Each structure stands twice: as structure tokens, then as C-alpha cells.
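Okay, so here's the structure we're looking at.
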Amino acid sequence: MSPDGEAARDALVRMYHVSKSYLPGAFALRDVNLAIGKGDLVFLTGPSGAGKTTLLKLLFAAEQPSEGSIIIGGRNIARLSDSAVPALRRRIGVVFQDFKLLARRSVEENVGLPLAVRGEPPRQVRARAFRMLKQVGLQHRRHDAPRSLSGGEQQRVAIARALIGEPDLLLADEPTGNLDPDLALEIMDLIAAAAARGTTVVVASHDQAVVERYARRVLHLQAGRLVEQGTAAGIDA
Amino acid sequence: MTAALWRALYYVRTAADGLRSSPVTSLVAVATIATTLLVIGAFGLVLKQMGGLLEGVGEDLTVTAYLAAPLSDRAARELATRVSTLEGVASVEVVTREEALRRFESAAGDRAGLLDGLVENPLPASLEIALVPGERTREGIDRLAEALLRLPGIVEVGHGQEWVETYGRVLSGLRAVSAALGAVLALAALLIVANTIRLAVYARRDEVEILALVGASRGFIGTPFVLEGLLQGTAGALLAVALLWVVFRVAAALLATSLTFLIGHSEPVFFSGAEVAVFVLGGAVLGCVGSLSAMASVWSAR
């Protein structure tokens with residue numbers, strides 16, 4: 001979907017001529033234009049180094065674009081001040097391949113972290129964390145340390161943490177990269193369920209099986225350029 | 001309970017967890033702060049003894065007002081009372097002609113026989129005037145001498161002017177050197193503490209990254225680290241005070257003779273309660289500033 005098209009008007013995410021270079025002349029992303037509608041489930045595909053992770057980092061303001069505009073929920077985040085970043089991130093859930101859980105906190109505390117940083121009372125945080133853990137089937141492990149969980153369980157905890165704040169946008173960077181195929185489908189079911197509930201979801205993945213099974217829309221990147229947009233059929237991850 | 005209170009409890013708990021989870025790093029930070037403050041404290045203690053020594057020397061500084069020859073002892077005492085009301089005067093002692101002769105004989109020792117041929121005591125009576133600390137300067141003494149010479153019965157005023165100038169120079173030099181050294185030591189302490197705490201922050205950069213990822217503000221992430229710095233600074237300062245006290249007691253006992261020679265009969269003194277409080281507060285501030293500086297470098301590296 002073009003960012004200027006009719007359907008893009010209600011899009012949650014729009015990118016206009018976005019480029020990102022870490023070194024002069026070496027572009028990680030080059031002139032990317034796209035729009036992602038509310039509730040869409042979109043896959044970013046492409047080989048390693050194609051710019052998938054860079055694009056996701058731009059979306060949660062871990063990086064700033066070298067050129068172009070990024071509009072999320074009507075606000076240009078391309079030149080966001082440091083003090084405005086936390087407010088943006090509270091509207092976005094992020095899931096990583098390596099889970100990024102706090103080793104010194106329990107599973108329940110990890111899941112409740114996005115609410116705790118907003119200053120919600122601990123009792124309320126615990127209750128909501130319990131409900132989220134129930135959704136991902138891990139309520140019985142809530143007092144355990146993340147390290148005692150399997151890879152698949154840790155990723156379910158990470159998804160619960162990403163969704164507990166009811167974000168508008170869920171970003172997942174290779175969420176099944178460390179998991180065997182059965183667990184990968186289990187994790188993708190949870191992510192797809194979030195999209196079905198109305199959360200906009202962007203998943204970076206090079207797992208062809210996952211893309212073919214879940215993708216309704218695929219954005220294919222190559223050498224930093226968005227080369228194809230379409231459905232999973234015919235686009236290789 | 002309000003959100004602010006929950007947040008405060010979270011900060012305290014996170015800071016305590018941070019200290020517990022990395023005891024070696026925390027101990028290294030406390031030991032570094034203690035060592036640094038120990039050096040500053042030892043320097044402060046030496047300065048304090050030197051200040052006491054100079055203060056003692058200053059107390060020996062007197063201005064002598066020589067009295068007219070026919071003045072009676074009673075008139076001399078009345079004059080002494082008047083002089084004691086003058087600005088800058090701490091105390092006045094009347095030295096009668098007989099007392100002056102006795103002092104001369106005592107000071108002359110074997111050569112006291114020089115006066116044997118004299119029929120009459122040639123020495124005048126005098127007033128020995130001690131000055132308040134703020135007036136132990138050349139200007140203060142000149143002012144007093146002028147006032148004394150205006151009084152009937154006083155014919156001459158004497159004082160060790162050169163000595164006074166040397167005393168003043170030493171005192172102001174010592175103050176300047178101590179201020180400069182203190183500033184250099186404090187800056188060095190700050191850099192050492194900041195670097196030590198920075199290592200602790202880097203060791204937990206994953207935690208910083210994850211908290212930032214879920215929308216925590218810099219204040220939310222940084223406050224527990226600053227609290228840790230405050231606790232480490234306070235613990236380091238208390239440890240430094242305890243070590244200083246032990247070293248001070250041992251040194252005072254071992255060097256009793258040399259110290260008596262150096263600082264006279266006054267006892268060597270440790271820091272007062274208020275000075276210890278300022279020292280510990282300084283350690284706490286050092287820890288806080290070190291943490292803030294470490295956090296600032298983490299943010300700028302992101």
C-alpha cells in the first residue's frame with residue numbers, strides 16, 4: 001500500500017522516502033515508502049543484511065532515519081526528542097529473537113514491566129501479568145526465573161510482555177529464529193491472535209514456512225530497498 | 001497509595017537488588033570511594049593539625065605597650081582596663097618593672113651579671129596585649145598601635161612586625177595550597193568514583209536496554225543507579241572515617257613525642273561531629289554525582 005494512497009489515510013504506520021545510512025554512502029535502507037493499516041499482519045522478508053532489523057529499529061525509535069518521515073498514529077517520529085521516546089514505546093510492543101528478559105526478575109515481573117514503568121500499582125500489575133501469562137499458558141511458571149524456562153516458553157513470556165500494555169503496534173524481529181518448527185508455529189499463533197484482536201503487527205522473518213502459513217501481506221527487502229509488496233505467494237523469504 | 005510512592009518503593013527495591021546481585025562490583029565501588037576519601041580525609045586531618053599549630057603560634061603573638069616611668073602600679077592596672085576595651089584586644093597583662101627585670105634575668109641566664117653594676121632597675125613597666133585571631137595581621141597591629149599611642153601613659157609600642165608578616169604569609173599560603181589540593185583531590189575522587197560506577201552500569205547495560213525498550217523514562221531507569229551511588233558513597237565515607245579514626249589514634253599514640261614538639265602541648269584533634277557529618281554527606285554526594293555522570297555517558301553512547 002502506497003503511503004499516499006486512499007487506503008493509507010487510516011494507516012497506523014506510514015514511511016515516506018525513508019533512508020538510513022550508518023556510514024556515508026553505505027545505506028542500510030534506501031528510499032522506503034510504505035503504509036501499514038490498523039490491525040494488519042505484515043511480514044518483512046529478505047536475506048540477512050537486507051534492512052529488516054533496521055526498519056524495525058526505526059519504527060520503535062531505536063534509530064533515527066537519515067532521510068524521510070515516519071508517521072505512527074499521525075505523529076512524525078523521525079526526529080523525536082529523547083524525552084518523547086518512552087511515550088512512543090509505551091504504544092509499541094517489541095519481541096526479539098533473543099527474548100531480552102531480565103534475568104534477575106521473575107517471569108511475572110518481566111511480563112508486568114511495561115505497566116510498572118508507567119507507575120501502575122503492583123497489585124494491578126500482578127493481576128494483569130497473571131491474565132497475560134494465562135493467555136500464553138504460563139501462569140504456573142509466574143514465580144520462576146526466566147532462565148529456568150525453555151526457549152519457546154521464554155519467547156511466550158516476551159510476547160506476553162509485549163502485549164500487556166495493549167499496544168497499537170507489535171514488532172517482532174525473527175521471533176521464531178531460535179525455536180524448532182513446532183514451537184515456531186505456537187509462537188506465531190500467539191502473534192497472529194494479537195493481530196486478530198486489532199493490533200497492527202510487523203514481523204521480520206526469513207522463515208519461509210512461517211511466512212507462507214501466516215502472511216497476508218509481505219514486504220520484501222533487498223540491499224535496503226523495498227523491492228516487492230504483495231502476498232506470501234511468489235515472494236521468497 | 002499514590003503512584004509516586006509505588007515508584008519510590010520500586011527505586012529503593014531495584015537499587016537494593018542491584019547491590020545484592022553484583023556484590024563484588026558494589027564492594028569495589030565502596031572500597032574505591034573509601035580509599036579516595038581516606039586520602040582526602042588524611043589531608044584534611046593534617047591541615048587541621050597545622051591550623052591548630054598556627055593558631056597556637058598566633059596566640060603567642062603580643063603587642064607590648066611601654067609605660068611612662070613614673071606610672072604607679074595602680075595607674076598601670078587602670079590603663080590595662082582601658083586597653084582591654086580597645087578593638088582587636090583579646091587580653092591584657094601588666095608587666096611591672098620588677099617583673100620585667102626578673103624576666104630579663106631569666107632570659108639572660110649566665111649573663112645576668114651584666115646588670116649588677118646598675119643602681120636602679122632601668123626597665124620600664126609594660127602592658128602585654130594579646131590580639132583576637134582576626135586582628136593578627138599587620139593592619140590590625142598598626143591600628144592597635146595607633147590607638148595605644150593616643151592613650152596618656154603609653155610612650156612606645158613594640159611588636160614583632162616581621163614575624164607577623166611571616167605568620168600571615170604562611171597562613172594564607174597554607175589556605176591557598178589546601179584549597180587547590182583539596183579541589184584536585186575532589187576532582188580525582190569524582191573521576192575515579194564515576195569510572196567505577198560506570199563499570200557497574202555497563203555490567204547491567206542489558207537491564208538498561210530492556211527497561212528503555214518497554215518505555216521507561218531515563219529518570220525511571222537512572223534513579224536506582226543514583227540511589228546505589230548514594231548508598232555506596234555513604235558506605236565508602238563511613239568506612240573512610242572509621243579507618244581514619246583508627247589510623248589517627250594509632251599515629252597519635254606512636255608519635256606522641258614528635259607531635260608535642262610540633263604542635264606544642266595541645267592534643268592532636270580528630271574531626272568534630274559536624275565535620276564527620278559533612279565528610280559523610282560529601283561521600284554521598286560524590287556517589288550520586290558519580291552515578292549521574294556514569295548514566296550520562298551511557299545515554300550519550302546509545
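Just so we're on the same page: first chain in the C-alpha cells is A, next is B, and so on; residues restart at 1 for each chain, and ligands are numbered from 1 in the order they show up.
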Can you list, as a ChimeraX atom specification, all residues belonging to segment 67-259 of chain B that DSSP tags as strand (DSSP E)?
-> /B:67,89-95,126-131,154-158
Written selection (N, CA and C atoms) as a PDB file, in the first residue's frame:
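Result written to selection_33.pdb:
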ATOM      1  N   LEU B  67      55.209  51.719  79.272  1.00  0.00           N
ATOM      2  CA  LEU B  67      54.548  52.775  80.048  1.00  0.00           C
ATOM      3  C   LEU B  67      55.557  53.835  80.485  1.00  0.00           C
ATOM      4  N   VAL B  89      41.522  43.633  70.880  1.00  0.00           N
ATOM      5  CA  VAL B  89      42.301  43.182  72.034  1.00  0.00           C
ATOM      6  C   VAL B  89      41.606  41.973  72.665  1.00  0.00           C
ATOM      7  N   ALA B  90      42.394  40.886  72.839  1.00  0.00           N
ATOM      8  CA  ALA B  90      41.826  39.690  73.471  1.00  0.00           C
ATOM      9  C   ALA B  90      42.058  39.727  74.980  1.00  0.00           C
ATOM     10  N   SER B  91      43.271  40.076  75.389  1.00  0.00           N
ATOM     11  CA  SER B  91      43.577  40.152  76.828  1.00  0.00           C
ATOM     12  C   SER B  91      44.782  41.070  77.045  1.00  0.00           C
ATOM     13  N   VAL B  92      44.886  41.559  78.281  1.00  0.00           N
ATOM     14  CA  VAL B  92      45.983  42.484  78.610  1.00  0.00           C
ATOM     15  C   VAL B  92      46.629  42.012  79.917  1.00  0.00           C
ATOM     16  N   GLU B  93      47.938  41.976  79.916  1.00  0.00           N
ATOM     17  CA  GLU B  93      48.644  41.601  81.141  1.00  0.00           C
ATOM     18  C   GLU B  93      49.600  42.739  81.505  1.00  0.00           C
ATOM     19  N   VAL B  94      49.582  43.131  82.796  1.00  0.00           N
ATOM     20  CA  VAL B  94      50.501  44.190  83.267  1.00  0.00           C
ATOM     21  C   VAL B  94      51.828  43.536  83.654  1.00  0.00           C
ATOM     22  N   VAL B  95      52.914  44.039  83.075  1.00  0.00           N
ATOM     23  CA  VAL B  95      54.250  43.556  83.453  1.00  0.00           C
ATOM     24  C   VAL B  95      54.932  44.708  84.207  1.00  0.00           C
ATOM     25  N   SER B 126      55.286  47.586  81.492  1.00  0.00           N
ATOM     26  CA  SER B 126      54.644  47.487  80.162  1.00  0.00           C
ATOM     27  C   SER B 126      53.312  46.730  80.255  1.00  0.00           C
ATOM     28  N   LEU B 127      52.571  46.819  79.163  1.00  0.00           N
ATOM     29  CA  LEU B 127      51.341  46.023  79.029  1.00  0.00           C
ATOM     30  C   LEU B 127      51.567  45.024  77.897  1.00  0.00           C
ATOM     31  N   GLU B 128      51.316  43.744  78.150  1.00  0.00           N
ATOM     32  CA  GLU B 128      51.414  42.741  77.080  1.00  0.00           C
ATOM     33  C   GLU B 128      49.999  42.441  76.584  1.00  0.00           C
ATOM     34  N   ILE B 129      49.796  42.759  75.324  1.00  0.00           N
ATOM     35  CA  ILE B 129      48.428  42.724  74.784  1.00  0.00           C
ATOM     36  C   ILE B 129      48.314  41.587  73.759  1.00  0.00           C
ATOM     37  N   ALA B 130      47.400  40.657  74.049  1.00  0.00           N
ATOM     38  CA  ALA B 130      47.130  39.573  73.081  1.00  0.00           C
ATOM     39  C   ALA B 130      45.995  40.014  72.164  1.00  0.00           C
ATOM     40  N   LEU B 131      46.074  39.582  70.906  1.00  0.00           N
ATOM     41  CA  LEU B 131      45.076  40.020  69.927  1.00  0.00           C
ATOM     42  C   LEU B 131      44.063  38.909  69.636  1.00  0.00           C
ATOM     43  N   ILE B 154      51.260  55.812  77.799  1.00  0.00           N
ATOM     44  CA  ILE B 154      51.964  54.862  76.923  1.00  0.00           C
ATOM     45  C   ILE B 154      52.935  55.664  76.073  1.00  0.00           C
ATOM     46  N   VAL B 155      54.213  55.275  76.111  1.00  0.00           N
ATOM     47  CA  VAL B 155      55.220  56.069  75.410  1.00  0.00           C
ATOM     48  C   VAL B 155      55.748  55.373  74.166  1.00  0.00           C
ATOM     49  N   GLU B 156      55.596  54.072  74.119  1.00  0.00           N
ATOM     50  CA  GLU B 156      56.137  53.349  72.968  1.00  0.00           C
ATOM     51  C   GLU B 156      55.390  52.030  72.803  1.00  0.00           C
ATOM     52  N   VAL B 157      55.297  51.593  71.538  1.00  0.00           N
ATOM     53  CA  VAL B 157      54.615  50.306  71.281  1.00  0.00           C
ATOM     54  C   VAL B 157      55.573  49.419  70.478  1.00  0.00           C
ATOM     55  N   GLY B 158      55.714  48.185  70.893  1.00  0.00           N
ATOM     56  CA  GLY B 158      56.619  47.269  70.186  1.00  0.00           C
ATOM     57  C   GLY B 158      55.905  45.979  69.786  1.00  0.00           C
TER      58      GLY B 158
END
Sorted per-residue table, chain B near chain A, closest atoms and distance, 7 Å, only C-alpha atoms, as JSON lines:
{"residue": "B:Ala3", "atom": "CA", "partner": "A:Gly119", "partner_atom": "CA", "distance": 5.3}
{"residue": "B:Trp6", "atom": "CA", "partner": "A:Pro121", "partner_atom": "CA", "distance": 6.5}
{"residue": "B:Arg7", "atom": "CA", "partner": "A:Gly119", "partner_atom": "CA", "distance": 6.0}
{"residue": "B:Glu207", "atom": "CA", "partner": "A:Leu102", "partner_atom": "CA", "distance": 6.3}
{"residue": "B:Ile210", "atom": "CA", "partner": "A:Lys100", "partner_atom": "CA", "distance": 6.5}
{"residue": "B:Leu213", "atom": "CA", "partner": "A:Arg89", "partner_atom": "CA", "distance": 6.7}
{"residue": "B:Val214", "atom": "CA", "partner": "A:Pro114", "partner_atom": "CA", "distance": 5.1}
{"residue": "B:Gly215", "atom": "CA", "partner": "A:Pro86", "partner_atom": "CA", "distance": 4.1}
{"residue": "B:Ala216", "atom": "CA", "partner": "A:Val117", "partner_atom": "CA", "distance": 5.2}
{"residue": "B:Ser217", "atom": "CA", "partner": "A:Pro86", "partner_atom": "CA", "distance": 5.6}
From the set B:Ala183, B:Ser21, B:Gly41, B:Met295, which residue has the shortest atom-to-atom contact distance to Leu199 of chain B, counting only C-alpha atoms?
->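 Counting only C-alpha atoms, the residue closest to Leu199 of chain B is B:Met295.
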Could you please determine the separation between atom CA of Gly44 of chain B and atom CA of Val226 of chain B in Å, to one decimal place?
-> 26.9 Å
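For Val136 of chain A, the residues within 8 Å (counting only C-alpha atoms, excluding itself and residues fewer than 4 positions away along the chain) are A:Met132, A:Arg156, A:Val157, A:Ala160, A:Leu190.
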Residues as selected, N, CA and C atoms, written as an mmCIF file, in the first residue's frame, can you do that?
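After the write, out_35.cif holds the following:
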data_model
loop_
_atom_site.group_PDB
_atom_site.id
_atom_site.type_symbol
_atom_site.label_atom_id
_atom_site.label_comp_id
_atom_site.auth_asym_id
_atom_site.auth_seq_id
_atom_site.Cartn_x
_atom_site.Cartn_y
_atom_site.Cartn_z
ATOM 1 N N MET A 132 -2.219 -12.185 31.429
ATOM 2 C CA MET A 132 -1.435 -12.331 30.189
ATOM 3 C C MET A 132 -0.727 -13.681 30.148
ATOM 4 N N ARG A 156 7.326 -16.937 24.753
ATOM 5 C CA ARG A 156 5.922 -16.675 25.126
ATOM 6 C C ARG A 156 5.857 -15.589 26.205
ATOM 7 N N VAL A 157 6.828 -15.631 27.118
ATOM 8 C CA VAL A 157 6.895 -14.572 28.143
ATOM 9 C C VAL A 157 7.150 -13.218 27.478
ATOM 10 N N ALA A 160 4.015 -12.034 25.919
ATOM 11 C CA ALA A 160 3.086 -11.546 26.961
ATOM 12 C C ALA A 160 3.499 -10.155 27.415
ATOM 13 N N LEU A 190 0.260 -17.100 18.615
ATOM 14 C CA LEU A 190 0.031 -16.025 19.599
ATOM 15 C C LEU A 190 0.105 -14.649 18.942
#
For Phe130 of chain A: contacts at 9 Å, only C-alpha atoms, fewer than 6 positions along chain excluded, given as a VMD selection string = chain A and resid 108 111 to 112 138 to 139 142
Give me a file of those residues, with N, CA and C atoms, as a CSV table (one decimal), in the first residue's frame.
chain,number,residue,atom,x,y,z
A,108,GLU,N,6.7,-13.3,36.1
A,108,GLU,CA,5.6,-12.3,36.3
A,108,GLU,C,6.1,-10.9,36.3
A,111,VAL,N,6.8,-9.8,32.7
A,111,VAL,CA,5.6,-9.5,32.0
A,111,VAL,C,5.0,-8.2,32.4
A,112,GLY,N,5.1,-7.9,33.7
A,112,GLY,CA,4.4,-6.7,34.2
A,112,GLY,C,5.3,-5.4,34.0
A,138,LEU,N,1.3,-19.9,30.6
A,138,LEU,CA,2.5,-20.0,31.5
A,138,LEU,C,2.2,-19.4,32.9
A,139,GLN,N,0.9,-19.4,33.3
A,139,GLN,CA,0.6,-18.8,34.6
A,139,GLN,C,1.2,-19.6,35.8
A,142,ARG,N,4.8,-18.4,36.8
A,142,ARG,CA,5.0,-17.0,37.0
A,142,ARG,C,6.0,-16.6,38.0
Kindly indicate which residue among B:Ala189, B:Val276, B:Leu231, B:Leu292 lies nearest to Ile40 of chain B, using only C-alpha atoms for the distances.
-> B:Ala189
Glu67 of chain A surroundings by only C-alpha atoms, 12 Å radius, close-in-sequence under 4 positions cut, as an mmCIF file with C-alpha atoms, in the first residue's frame:
data_model
loop_
_atom_site.group_PDB
_atom_site.id
_atom_site.type_symbol
_atom_site.label_atom_id
_atom_site.label_comp_id
_atom_site.auth_asym_id
_atom_site.auth_seq_id
_atom_site.Cartn_x
_atom_site.Cartn_y
_atom_site.Cartn_z
ATOM 1 C CA MET A 15 7.014 5.830 5.771
ATOM 2 C CA TYR A 16 7.942 8.473 3.200
ATOM 3 C CA HIS A 17 11.263 8.250 1.345
ATOM 4 C CA VAL A 18 12.985 6.788 4.380
ATOM 5 C CA SER A 19 16.715 6.122 4.114
ATOM 6 C CA LYS A 20 19.162 5.111 6.787
ATOM 7 C CA SER A 21 22.924 5.071 6.480
ATOM 8 C CA TYR A 22 25.380 4.289 9.267
ATOM 9 C CA PHE A 27 22.738 2.614 3.052
ATOM 10 C CA ALA A 28 21.034 0.080 5.325
ATOM 11 C CA LEU A 29 17.699 1.345 3.956
ATOM 12 C CA ARG A 30 17.138 3.417 0.850
ATOM 13 C CA ASP A 31 14.055 5.407 -0.139
ATOM 14 C CA VAL A 32 11.467 3.171 1.523
ATOM 15 C CA ASN A 33 7.805 4.149 1.116
ATOM 16 C CA LEU A 58 13.299 2.943 13.046
ATOM 17 C CA GLU A 63 17.407 4.647 15.406
ATOM 18 C CA ALA A 78 11.671 10.705 12.535
ATOM 19 C CA ARG A 79 13.076 13.458 14.716
#
